[in-house]
$ cat protein.pdb   # PDB, C-alpha atoms
ATOM      1  CA  MET A   1      38.105   6.883  -5.045
ATOM      2  CA  LYS A   2      37.937  10.212  -6.882
ATOM      3  CA  LYS A   3      34.691   9.143  -8.599
ATOM      4  CA  LEU A   4      33.222   8.130  -5.275
ATOM      5  CA  ALA A   5      34.067  11.530  -3.793
ATOM      6  CA  VAL A   6      32.341  13.256  -6.711
ATOM      7  CA  LEU A   7      29.214  11.145  -6.233
ATOM      8  CA  PHE A   8      29.097  11.968  -2.534
ATOM      9  CA  SER A   9      29.567  15.656  -3.218
ATOM     10  CA  LEU A  10      26.671  15.549  -5.677
ATOM     11  CA  ALA A  11      24.550  13.805  -3.087
ATOM     12  CA  LEU A  12      25.394  16.428  -0.487
ATOM     13  CA  GLY A  13      24.603  19.171  -2.956
ATOM     14  CA  TRP A  14      21.163  17.674  -3.575
ATOM     15  CA  THR A  15      20.607  17.558   0.175
ATOM     16  CA  SER A  16      21.181  21.245   0.642
ATOM     17  CA  ILE A  17      19.536  22.485  -2.562
ATOM     18  CA  GLY A  18      16.825  20.049  -3.519
ATOM     19  CA  VAL A  19      15.514  18.609  -0.281
ATOM     20  CA  ALA A  20      15.832  21.260   2.374
ATOM     21  CA  ALA A  21      12.548  23.125   2.614
ATOM     22  CA  ALA A  22      11.800  26.382   4.388
ATOM     23  CA  THR A  23      11.495  26.158   8.163
ATOM     24  CA  LYS A  24       9.233  23.201   8.725
ATOM     25  CA  PRO A  25       6.413  23.406  11.280
ATOM     26  CA  VAL A  26       6.431  20.748  13.984
ATOM     27  CA  GLY A  27       4.089  18.022  12.797
ATOM     28  CA  ASP A  28       1.301  16.616  14.974
ATOM     29  CA  ALA A  29       0.589  12.993  14.033
ATOM     30  CA  ALA A  30      -2.828  12.991  15.714
ATOM     31  CA  ALA A  31      -3.921  16.048  13.728
ATOM     32  CA  GLY A  32      -2.379  14.475  10.644
ATOM     33  CA  GLU A  33      -4.607  11.420  10.939
ATOM     34  CA  THR A  34      -7.644  13.674  10.546
ATOM     35  CA  GLN A  35      -6.043  15.702   7.760
ATOM     36  CA  SER A  36      -5.107  12.557   5.828
ATOM     37  CA  ALA A  37      -8.570  10.963   5.759
ATOM     38  CA  ALA A  38      -8.907  11.381   2.000
ATOM     39  CA  CYS A  39      -5.384  10.032   1.388
ATOM     40  CA  GLY A  40      -6.478   6.533   2.353
ATOM     41  CA  ALA A  41      -8.339   6.009  -0.916
ATOM     42  CA  CYS A  42      -5.040   5.614  -2.778
ATOM     43  CA  HIS A  43      -2.380   5.307  -0.089
ATOM     44  CA  GLY A  44      -4.211   3.149   2.442
ATOM     45  CA  ALA A  45      -5.458   4.359   5.826
ATOM     46  CA  ASP A  46      -2.133   3.404   7.405
ATOM     47  CA  GLY A  47      -0.045   4.503   4.433
ATOM     48  CA  ASN A  48       0.517   1.025   3.018
ATOM     49  CA  ALA A  49      -0.752   1.515  -0.508
ATOM     50  CA  ALA A  50      -1.273  -1.172  -3.093
ATOM     51  CA  SER A  51       0.798  -0.870  -6.272
ATOM     52  CA  PRO A  52       1.225   1.351  -8.250
ATOM     53  CA  PHE A  53       0.646   3.989  -5.558
ATOM     54  CA  PRO A  54       3.493   4.793  -3.143
ATOM     55  CA  LYS A  55       3.566   3.554   0.411
ATOM     56  CA  LEU A  56       3.768   6.569   2.714
ATOM     57  CA  ALA A  57       4.028   4.596   5.950
ATOM     58  CA  ALA A  58       7.400   4.990   7.689
ATOM     59  CA  GLN A  59       8.542   7.473   5.082
ATOM     60  CA  GLY A  60      10.880  10.180   6.333
ATOM     61  CA  GLU A  61       8.934  13.120   7.728
ATOM     62  CA  LYS A  62      11.201  15.739   6.148
ATOM     63  CA  TYR A  63      11.002  14.097   2.727
ATOM     64  CA  LEU A  64       7.212  13.703   2.905
ATOM     65  CA  TYR A  65       6.746  17.323   3.923
ATOM     66  CA  LYS A  66       8.805  18.579   0.983
ATOM     67  CA  GLN A  67       7.000  16.357  -1.521
ATOM     68  CA  LEU A  68       3.611  17.490  -0.233
ATOM     69  CA  GLN A  69       4.729  21.107  -0.558
ATOM     70  CA  ASP A  70       6.069  20.540  -4.069
ATOM     71  CA  ILE A  71       2.839  18.845  -5.186
ATOM     72  CA  ARG A  72       0.645  21.546  -3.645
ATOM     73  CA  ASP A  73       2.745  24.314  -5.178
ATOM     74  CA  GLY A  74       2.934  22.733  -8.644
ATOM     75  CA  ILE A  75       6.668  22.030  -8.511
ATOM     76  CA  ARG A  76       6.035  18.292  -8.750
ATOM     77  CA  GLU A  77       3.146  17.338 -10.997
ATOM     78  CA  VAL A  78       1.175  14.256  -9.962
ATOM     79  CA  PRO A  79      -2.058  13.914 -11.993
ATOM     80  CA  THR A  80      -3.834  11.840  -9.332
ATOM     81  CA  MET A  81      -3.075  14.515  -6.719
ATOM     82  CA  VAL A  82      -4.492  17.499  -8.608
ATOM     83  CA  GLY A  83      -6.559  19.607  -6.211
ATOM     84  CA  GLN A  84      -6.014  17.295  -3.251
ATOM     85  CA  LEU A  85      -3.707  19.664  -1.366
ATOM     86  CA  ASP A  86      -4.843  23.053  -2.651
ATOM     87  CA  ARG A  87      -6.296  24.225   0.652
ATOM     88  CA  LYS A  88      -3.699  22.652   2.903
ATOM     89  CA  THR A  89      -1.475  24.955   4.953
ATOM     90  CA  ASP A  90       2.167  24.201   5.697
ATOM     91  CA  GLN A  91       1.056  23.088   9.161
ATOM     92  CA  ASP A  92      -1.498  20.702   7.637
ATOM     93  CA  LEU A  93       1.213  19.203   5.443
ATOM     94  CA  ALA A  94       3.583  18.848   8.393
ATOM     95  CA  ASP A  95       0.842  17.054  10.346
ATOM     96  CA  ILE A  96       0.132  14.670   7.460
ATOM     97  CA  ALA A  97       3.857  13.937   7.116
ATOM     98  CA  ALA A  98       4.141  13.267  10.856
ATOM     99  CA  TYR A  99       1.176  10.895  10.760
ATOM    100  CA  PHE A 100       2.428   8.712   7.931
ATOM    101  CA  ALA A 101       6.005   8.789   9.235
ATOM    102  CA  SER A 102       4.712   7.290  12.490
ATOM    103  CA  LYS A 103       3.171   4.240  10.806
ATOM    104  CA  LYS A 104       4.865   0.906  10.169
ATOM    105  CA  ARG A 105       5.525  -0.044   6.557
ATOM    106  CA  SER A 106       4.484  -3.419   5.237
ATOM    107  CA  GLY A 107       7.092  -5.579   3.547
ATOM    108  CA  GLY A 108       7.611  -6.377  -0.099
ATOM    109  CA  HIS A 109       9.585  -8.900  -2.101
ATOM    110  CA  THR A 110      12.295  -9.013  -4.729
ATOM    111  CA  ASP A 111      11.943 -11.004  -7.933
ATOM    112  CA  PRO A 112      14.714 -13.633  -7.627
ATOM    113  CA  GLU A 113      15.575 -13.172 -11.300
ATOM    114  CA  LYS A 114      16.277  -9.473 -10.711
ATOM    115  CA  LEU A 115      18.098  -9.836  -7.406
ATOM    116  CA  GLU A 116      21.720  -9.972  -8.618
ATOM    117  CA  LEU A 117      21.511  -7.010 -10.986
ATOM    118  CA  GLY A 118      19.371  -4.960  -8.606
ATOM    119  CA  ALA A 119      21.761  -5.513  -5.694
ATOM    120  CA  LYS A 120      24.765  -4.584  -7.840
ATOM    121  CA  ILE A 121      23.229  -1.270  -8.899
ATOM    122  CA  TYR A 122      21.989  -0.443  -5.410
ATOM    123  CA  ARG A 123      25.342  -1.128  -3.780
ATOM    124  CA  ALA A 124      27.792   0.010  -6.427
ATOM    125  CA  GLY A 125      25.918   2.026  -9.038
ATOM    126  CA  VAL A 126      27.224   2.123 -12.588
ATOM    127  CA  PRO A 127      30.301   4.390 -12.348
ATOM    128  CA  ASP A 128      31.067   4.575 -16.075
ATOM    129  CA  ARG A 129      27.574   6.032 -16.676
ATOM    130  CA  ASN A 130      27.552   8.411 -13.674
ATOM    131  CA  VAL A 131      25.032   6.238 -11.852
ATOM    132  CA  ALA A 132      25.643   6.754  -8.155
ATOM    133  CA  ALA A 133      25.288   3.873  -5.721
ATOM    134  CA  CYS A 134      21.846   4.113  -4.123
ATOM    135  CA  ILE A 135      23.351   3.037  -0.823
ATOM    136  CA  ALA A 136      25.137   6.392  -0.486
ATOM    137  CA  CYS A 137      21.914   8.311   0.151
ATOM    138  CA  HIS A 138      19.322   5.658   0.951
ATOM    139  CA  SER A 139      21.458   3.604   3.408
ATOM    140  CA  PRO A 140      22.464  -0.081   3.245
ATOM    141  CA  THR A 141      19.056  -1.128   4.569
ATOM    142  CA  GLY A 142      17.058   1.195   2.334
ATOM    143  CA  LYS A 143      15.748   3.171   5.309
ATOM    144  CA  GLY A 144      16.941   6.468   3.843
ATOM    145  CA  ASN A 145      18.285   9.423   5.804
ATOM    146  CA  ASP A 146      15.492  11.517   7.292
ATOM    147  CA  PRO A 147      17.618  14.404   8.650
ATOM    148  CA  ALA A 148      19.076  14.852   5.152
ATOM    149  CA  GLY A 149      15.684  14.397   3.527
ATOM    150  CA  PHE A 150      16.564  11.237   1.596
ATOM    151  CA  PRO A 151      13.548   8.915   1.325
ATOM    152  CA  SER A 152      13.138   5.407   2.628
ATOM    153  CA  LEU A 153      12.949   2.840  -0.185
ATOM    154  CA  ALA A 154      12.790  -0.419   1.786
ATOM    155  CA  GLY A 155       9.535  -2.248   1.101
ATOM    156  CA  GLN A 156       8.306   0.398  -1.340
ATOM    157  CA  ASN A 157       6.109  -0.765  -4.210
ATOM    158  CA  ALA A 158       8.457  -1.725  -7.030
ATOM    159  CA  GLN A 159       6.241  -0.323  -9.769
ATOM    160  CA  TYR A 160       6.115   3.059  -8.067
ATOM    161  CA  VAL A 161       9.913   3.203  -7.730
ATOM    162  CA  ALA A 162      10.332   2.229 -11.380
ATOM    163  CA  ASP A 163       7.818   4.864 -12.474
ATOM    164  CA  GLN A 164       9.672   7.560 -10.527
ATOM    165  CA  LEU A 165      13.060   6.560 -11.930
ATOM    166  CA  ARG A 166      11.651   6.803 -15.443
ATOM    167  CA  ALA A 167      10.141  10.182 -14.601
ATOM    168  CA  TYR A 168      13.505  11.399 -13.315
ATOM    169  CA  ARG A 169      15.215  10.011 -16.420
ATOM    170  CA  LYS A 170      12.795  11.943 -18.612
ATOM    171  CA  GLY A 171      13.331  15.035 -16.482
ATOM    172  CA  TYR A 172      17.048  15.030 -17.280
ATOM    173  CA  ASP A 173      16.397  16.929 -20.521
ATOM    174  CA  ASP A 174      12.612  17.346 -20.585
ATOM    175  CA  PRO A 175      10.833  19.554 -18.029
ATOM    176  CA  ALA A 176       7.751  17.387 -18.454
ATOM    177  CA  GLY A 177       9.557  14.717 -16.430
ATOM    178  CA  ARG A 178      10.222  14.806 -12.683
ATOM    179  CA  THR A 179      12.625  17.600 -11.805
ATOM    180  CA  ASN A 180      12.254  18.308  -8.087
ATOM    181  CA  ASP A 181      15.623  16.833  -7.115
ATOM    182  CA  GLY A 182      17.325  20.221  -6.997
ATOM    183  CA  GLU A 183      19.988  21.956  -9.046
ATOM    184  CA  ALA A 184      22.499  19.163  -8.473
ATOM    185  CA  MET A 185      20.176  16.832 -10.417
ATOM    186  CA  ILE A 186      21.437  13.807  -8.516
ATOM    187  CA  MET A 187      18.347  11.685  -9.213
ATOM    188  CA  ARG A 188      17.963  12.854 -12.810
ATOM    189  CA  THR A 189      21.633  12.149 -13.504
ATOM    190  CA  THR A 190      21.405   8.758 -11.827
ATOM    191  CA  ALA A 191      18.228   7.710 -13.627
ATOM    192  CA  PHE A 192      19.486   9.018 -16.975
ATOM    193  CA  GLY A 193      22.231   6.408 -16.918
ATOM    194  CA  LEU A 194      19.916   3.463 -16.255
ATOM    195  CA  SER A 195      18.312   1.218 -18.851
ATOM    196  CA  ASP A 196      14.728  -0.018 -18.440
ATOM    197  CA  LYS A 197      16.081  -3.408 -17.409
ATOM    198  CA  GLU A 198      18.280  -1.842 -14.728
ATOM    199  CA  ILE A 199      15.436   0.326 -13.462
ATOM    200  CA  GLU A 200      13.193  -2.709 -13.111
ATOM    201  CA  ALA A 201      15.950  -4.650 -11.334
ATOM    202  CA  VAL A 202      16.878  -2.021  -8.744
ATOM    203  CA  SER A 203      13.192  -1.209  -8.124
ATOM    204  CA  SER A 204      12.477  -4.852  -7.442
ATOM    205  CA  TYR A 205      15.527  -5.061  -5.189
ATOM    206  CA  VAL A 206      14.507  -2.193  -2.891
ATOM    207  CA  ALA A 207      10.984  -3.587  -2.618
ATOM    208  CA  GLY A 208      12.453  -6.603  -0.853
ATOM    209  CA  LEU A 209      14.697  -4.725   1.558
ATOM    210  CA  LYS A 210      13.624  -5.093   5.170
TER     211      LYS A 210
END
$ encode --input "protein.pdb" --output "structure tokens"
Amino acid sequence: MKKLAVLFSLALGWTSIGVAAATKPVGDAAAGETQSAACGACHGADGNAASPFPKLAAQGEKYLYKQLQDIRDGIREVPTMVGQLDRKTDQDLADIAAYFASKKRSGGHTDPEKLELGAKIYRAGVPDRNVAACIACHSPTGKGNDPAGFPSLAGQNAQYVADQLRAYRKGYDDPAGRTNDGEAMIMRTTAFGLSDKEIEAVSSYVAGLK
């Protein structure tokens, strides 16, 4: 119980430090459709990208807005996004986030051979390695928690999720990895405790969540 309380406190710390952005403009989905025209090349016109790109459809608006800000401002480095957001204002980013958040996400599937291990990690974590249960922040259904800024994982491309977990794992002690999870380092700490096999399993599991 004590361990569980610590994990939840870490999660809450990440919410307040790593996800909360400055006052967010109110997004206009209709304006966002125009602003996101170039995004379709990789992410699909409706946000349902083919692997290995992330699906943006039905992603939490608050999470999307922060990631777009971080990419534009160089806090999160994404090679394929270099220059794409340079001239976008905060309002533009809010509109893009609102547009993709309004779309319906396509489904995915879980590799049956990875189901048992993936479900175990998602639901219970790996306590002896400080791996928090994914369910605590991303919900039992994988829909995330938009008010808190936690992303939706259900139906996401498995390869993309695995790539991000490896990037977070690298970012635990190497700034060249992904580090935009805040001072609490909840994602870096979680990913650091996962093996490649476990990363592949939990990534496959969330891809099949409905």
$ residues_around --input "protein.pdb" --residues "range 188-190 of chain A" --least-positions-apart "3" --cutoff "10 Å" --atoms "only C-alpha atoms" --output "count of residues only"
30
$ closest_residue --input "protein.pdb" --among "A:Ala176, A:Gln59, A:Ala49, A:Val26" --to "His138 in chain A" --atoms "all atoms listed in the file"
A:Gln59
$ closest_residue --input "protein.pdb" --among "A:Ala101, A:Ser195, A:Tyr122, A:Gly108" --to "Ser51 in chain A" --atoms "all atoms listed in the file"
A:Gly108
$ resolve_selection --input "protein.pdb" --expression "the PyMOL selection byres ((chain A and resi 117-120) around 10)" --output "ChimeraX atom specification"
/A:110-116,121-126,133-135,197-206
$ atom_distance --input "protein.pdb" --atom1 "CA of Ser102 in chain A" --atom2 "CA of Ala57 in chain A"
7.1 Å
$ closest_atom_pairs --input "protein.pdb" --of "range 16-75 of chain A" --to "range 79-96 of chain A" --cutoff "7 Å" --atoms "all atoms listed in the file" --output "Markdown table"
| residue | atom | partner | partner_atom | distance |
| --- | --- | --- | --- | --- |
| A:Pro25 | CA | A:Gln91 | CA | 5.8 |
| A:Val26 | CA | A:Ala94 | CA | 6.6 |
| A:Gly27 | CA | A:Asp95 | CA | 4.2 |
| A:Asp28 | CA | A:Asp95 | CA | 4.7 |
| A:Ala29 | CA | A:Asp95 | CA | 5.5 |
| A:Ala31 | CA | A:Asp95 | CA | 5.9 |
| A:Gly32 | CA | A:Ile96 | CA | 4.1 |
| A:Glu33 | CA | A:Ile96 | CA | 6.7 |
| A:Gln35 | CA | A:Ile96 | CA | 6.3 |
| A:Ser36 | CA | A:Ile96 | CA | 5.9 |
| A:Tyr65 | CA | A:Ala94 | CA | 5.7 |
| A:Leu68 | CA | A:Leu93 | CA | 6.4 |
| A:Arg72 | CA | A:Leu85 | CA | 5.3 |
$ write_last_selection --input "protein.pdb" --atoms "C-alpha atoms" --output "short mmCIF file (atom, residue, chain, number, x, y, z; two decimals), in the frame of the given file"
data_model
loop_
_atom_site.label_atom_id
_atom_site.label_comp_id
_atom_site.auth_asym_id
_atom_site.auth_seq_id
_atom_site.Cartn_x
_atom_site.Cartn_y
_atom_site.Cartn_z
CA PRO A 25 6.41 23.41 11.28
CA VAL A 26 6.43 20.75 13.98
CA GLY A 27 4.09 18.02 12.80
CA ASP A 28 1.30 16.62 14.97
CA ALA A 29 0.59 12.99 14.03
CA ALA A 31 -3.92 16.05 13.73
CA GLY A 32 -2.38 14.48 10.64
CA GLU A 33 -4.61 11.42 10.94
CA GLN A 35 -6.04 15.70 7.76
CA SER A 36 -5.11 12.56 5.83
CA TYR A 65 6.75 17.32 3.92
CA LEU A 68 3.61 17.49 -0.23
CA ARG A 72 0.64 21.55 -3.64
#
$ atom_distance --input "protein.pdb" --atom1 "CA of Asp163 in chain A" --atom2 "CA of Phe53 in chain A"
10.0 Å
$ atom_distance --input "protein.pdb" --atom1 "CA of Ile71 in chain A" --atom2 "CA of Pro175 in chain A"
15.1 Å
$ closest_residue --input "protein.pdb" --among "A:Leu209, A:Ala58, A:Met187, A:Ala45" --to "Lys103 in chain A" --atoms "all atoms listed in the file"
A:Ala58
$ decode --input "protein.pdb" --residues "range 19-110 of chain A" --atoms "C-alpha atoms" --output "CSV table (one decimal), in the first residue's frame"
chain,number,residue,atom,x,y,z
A,19,VAL,CA,2.2,18.4,-18.1
A,20,ALA,CA,0.6,21.6,-17.0
A,21,ALA,CA,1.4,24.3,-19.6
A,22,ALA,CA,0.9,28.0,-19.4
A,23,THR,CA,-2.6,29.2,-19.8
A,24,LYS,CA,-3.9,27.4,-22.8
A,25,PRO,CA,-5.9,29.3,-25.5
A,26,VAL,CA,-9.3,27.9,-26.3
A,27,GLY,CA,-8.8,25.7,-29.4
A,28,ASP,CA,-11.0,26.0,-32.5
A,29,ALA,CA,-11.3,22.6,-34.2
A,30,ALA,CA,-12.4,24.1,-37.5
A,31,ALA,CA,-9.4,26.5,-37.6
A,32,GLY,CA,-7.3,23.5,-36.6
A,33,GLU,CA,-8.3,21.5,-39.6
A,34,THR,CA,-6.8,24.2,-41.8
A,35,GLN,CA,-3.7,24.6,-39.7
A,36,SER,CA,-3.1,20.8,-39.7
A,37,ALA,CA,-3.1,20.3,-43.5
A,38,ALA,CA,0.5,19.5,-43.6
A,39,CYS,CA,0.2,17.1,-40.6
A,40,GLY,CA,-1.7,14.6,-42.7
A,41,ALA,CA,1.4,13.5,-44.6
A,42,CYS,CA,2.6,11.5,-41.6
A,43,HIS,CA,-0.3,11.5,-39.2
A,44,GLY,CA,-3.2,11.0,-41.6
A,45,ALA,CA,-5.8,13.6,-42.5
A,46,ASP,CA,-8.0,12.4,-39.6
A,47,GLY,CA,-5.1,11.8,-37.2
A,48,ASN,CA,-5.0,8.0,-37.7
A,49,ALA,CA,-1.4,7.5,-38.7
A,50,ALA,CA,0.1,4.3,-40.0
A,51,SER,CA,3.0,2.9,-37.9
A,52,PRO,CA,5.5,4.0,-36.8
A,53,PHE,CA,4.0,7.5,-36.6
A,54,PRO,CA,1.6,8.3,-33.7
A,55,LYS,CA,-2.1,8.5,-34.0
A,56,LEU,CA,-3.3,11.9,-33.0
A,57,ALA,CA,-7.0,11.3,-33.3
A,58,ALA,CA,-8.9,11.3,-30.0
A,59,GLN,CA,-5.7,12.3,-28.2
A,60,GLY,CA,-6.3,14.5,-25.1
A,61,GLU,CA,-6.3,18.2,-26.1
A,62,LYS,CA,-4.2,19.3,-23.2
A,63,TYR,CA,-1.6,16.7,-23.8
A,64,LEU,CA,-1.4,17.4,-27.5
A,65,TYR,CA,-1.1,21.1,-26.9
A,66,LYS,CA,1.8,20.6,-24.5
A,67,GLN,CA,3.6,18.3,-26.9
A,68,LEU,CA,3.2,20.7,-29.8
A,69,GLN,CA,4.6,23.5,-27.6
A,70,ASP,CA,7.5,21.3,-26.5
A,71,ILE,CA,8.4,20.3,-30.1
A,72,ARG,CA,8.1,23.9,-31.4
A,73,ASP,CA,10.2,25.2,-28.5
A,74,GLY,CA,12.9,22.5,-28.8
A,75,ILE,CA,12.1,20.9,-25.4
A,76,ARG,CA,11.1,17.7,-27.1
A,77,GLU,CA,13.3,16.8,-30.1
A,78,VAL,CA,11.5,15.0,-33.0
A,79,PRO,CA,13.6,14.8,-36.1
A,80,THR,CA,10.7,14.4,-38.5
A,81,MET,CA,9.1,17.5,-37.0
A,82,VAL,CA,12.0,19.9,-37.4
A,83,GLY,CA,10.7,23.2,-38.8
A,84,GLN,CA,7.1,22.1,-39.0
A,85,LEU,CA,5.9,24.2,-36.1
A,86,ASP,CA,8.4,27.1,-36.2
A,87,ARG,CA,5.8,29.7,-37.3
A,88,LYS,CA,2.9,28.4,-35.3
A,89,THR,CA,1.5,30.6,-32.5
A,90,ASP,CA,0.1,29.2,-29.3
A,91,GLN,CA,-3.4,29.7,-30.7
A,92,ASP,CA,-2.4,27.8,-33.8
A,93,LEU,CA,-1.2,24.9,-31.7
A,94,ALA,CA,-4.4,25.0,-29.5
A,95,ASP,CA,-6.5,24.8,-32.7
A,96,ILE,CA,-4.5,21.9,-34.1
A,97,ALA,CA,-4.9,20.1,-30.7
A,98,ALA,CA,-8.6,20.7,-30.7
A,99,TYR,CA,-9.0,19.4,-34.2
A,100,PHE,CA,-7.2,16.1,-33.7
A,101,ALA,CA,-8.9,15.6,-30.2
A,102,SER,CA,-12.3,15.8,-32.0
A,103,LYS,CA,-11.5,12.9,-34.3
A,104,LYS,CA,-12.3,9.3,-33.7
A,105,ARG,CA,-9.3,6.9,-33.3
A,106,SER,CA,-9.1,3.7,-35.3
A,107,GLY,CA,-8.5,0.5,-33.4
A,108,GLY,CA,-5.5,-1.7,-33.1
A,109,HIS,CA,-4.7,-5.2,-32.0
A,110,THR,CA,-2.6,-7.0,-29.4
